[in-house]
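Read the structure below first, then the notes.
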Amino acid sequence: MNVDETNLPGLGRRKDFMTASGRRIGVVERREGQTELIVSAWDDPDTCQASIPLTTEEAATLGNLLGGQHLAMKLTEEHKDVPGIVTRQFSIAPDSPFQNQPMGKACIRTRCGVSIVAIMREGEVLPSPGPDVVLHTGDLLVAVGTQEGLDAAADILRHG
């Protein structure tokens, strides 16, 4: 996918791409640190049809949602020929007992046989996270296991 990057003098930088449906979607990263999600006219990237200002946390969450979905779909495709193996995403909620705790404290693999294969955090992928990785609110954990194991893991991450 081709991403166009344009300097916006005095404002910041715009990054956008053309979707298969013919729409331009991107972000404007302002010099002061603010981010805007934008939709532009297909034939004129300077004609903004919609603009949504995002806080840093909202931008990170959107990145996690989009990146996590892509990663989960890829893993699902890779495991489609392995009967009984499922991929699921878990979000660390503000009230999770494992918020700001090392992932190993949850003992997910030991307790339910589920592997956490990646963590999406602020739009970045942390592949194959070790037990010492500290979990934060908004982290999106990508897990692989049986349906029963994943249900148990969801319960553990919510209630301990």
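Each chain in the structure tokens gets a letter, A, B, ..., in the order shown, and its residues are numbered from 1; ligands are numbered from 1 in order too.
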
Write down as a PyMOL selection string the residues belonging to chain A that are assigned strand (DSSP E) by DSSP computed on the backbone.
chain A and resi 4-8+12-18+24-30+35-41+44-54+86-91+115-121+124-127+140-145

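Proximity to Pro102 in chain A was assessed for A:Leu11, A:Leu141, A:Ile85, A:Val133 counting only C-alpha atoms; the smallest distance is recorded for A:Val133.
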
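The nearest approach to Leu37 in chain A among the residues A:Arg14, A:His159, A:Arg23, A:Arg88, with only C-alpha atoms taken into account, belongs to A:Arg14.
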
Given only C-alpha atoms as the basis, pick out the residue of A:His136, A:Arg121, A:Arg158, A:Lys15 nearest to Ala60 in chain A.
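Nearest candidate to Ala60 in chain A out of A:His136, A:Arg121, A:Arg158, A:Lys15: A:Arg121.
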
Just the residues within 9 Å of Gly138 in chain A, please, counting only C-alpha atoms, with nothing from its chain fewer than 2 positions along; format it as an MDAnalysis selection string.
chainID A and resid 57 60:61 64 91:94 120:122 135:136 140

Keeping only C-alpha atoms, write the selected residues as a CSV table (one decimal), in the first residue's frame.
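File produced: out.csv:
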```csv
chain,number,residue,atom,x,y,z
A,57,GLU,CA,-4.9,7.9,23.9
A,60,ALA,CA,-3.2,4.8,20.2
A,61,THR,CA,-6.4,2.9,20.8
A,64,ASN,CA,-4.3,-1.0,18.4
A,91,SER,CA,-8.1,-5.7,25.8
A,92,ILE,CA,-6.7,-4.8,29.2
A,93,ALA,CA,-9.5,-2.8,30.9
A,94,PRO,CA,-8.9,-0.1,33.5
A,120,MET,CA,-0.6,-4.2,20.4
A,121,ARG,CA,0.3,-1.0,22.3
A,122,GLU,CA,0.0,2.5,21.0
A,135,LEU,CA,0.4,-4.8,30.9
A,136,HIS,CA,-1.2,-1.4,30.5
A,140,LEU,CA,-4.6,-5.5,23.0
```

Shell of 8 Å around Ser51 in chain A, only C-alpha atoms, local chain residues under 2 positions omitted, as a ChimeraX atom specification
/A:36-39,48-49,53

Closest to Arg109 in chain A among A:Ala41, A:Ile52, A:Ala59, A:Val144, using only C-alpha atoms?
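Between A:Ala41, A:Ile52, A:Ala59, A:Val144, the residue approaching Arg109 in chain A most closely is A:Val144.
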
Would you list, as a ChimeraX atom specification, the residues of chain A that end up in helix (DSSP H, G or I) under DSSP run on this structure's backbone?
/A:56-78,103-106,108-112,147-159

Counting only C-alpha atoms, the residue of A:Thr56, A:Gln147, A:Thr6, A:Gln89 that sits nearest Gln34 in chain A:
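With only C-alpha atoms as the atom set, the closest residue is A:Thr56.
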
Between A:Cys112, A:Asn100, A:Gly84, A:Leu126, which one has atoms that come closest to Ala154 in chain A, using only C-alpha atoms?
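Closest to Ala154 in chain A, using only C-alpha atoms: A:Cys112.
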
Report, in Å to a single decimal, how far apart CA of Ile108 in chain A and CA of Val134 in chain A are.
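Going from CA of Val134 in chain A over to CA of Ile108 in chain A, I get 14.1 Å.
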
Please report the interatomic distance between CA of Thr146 in chain A and CA of Pro129 in chain A in Å with one decimal.
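Answer for the CA of Thr146 in chain A to CA of Pro129 in chain A separation: 19.6 Å.
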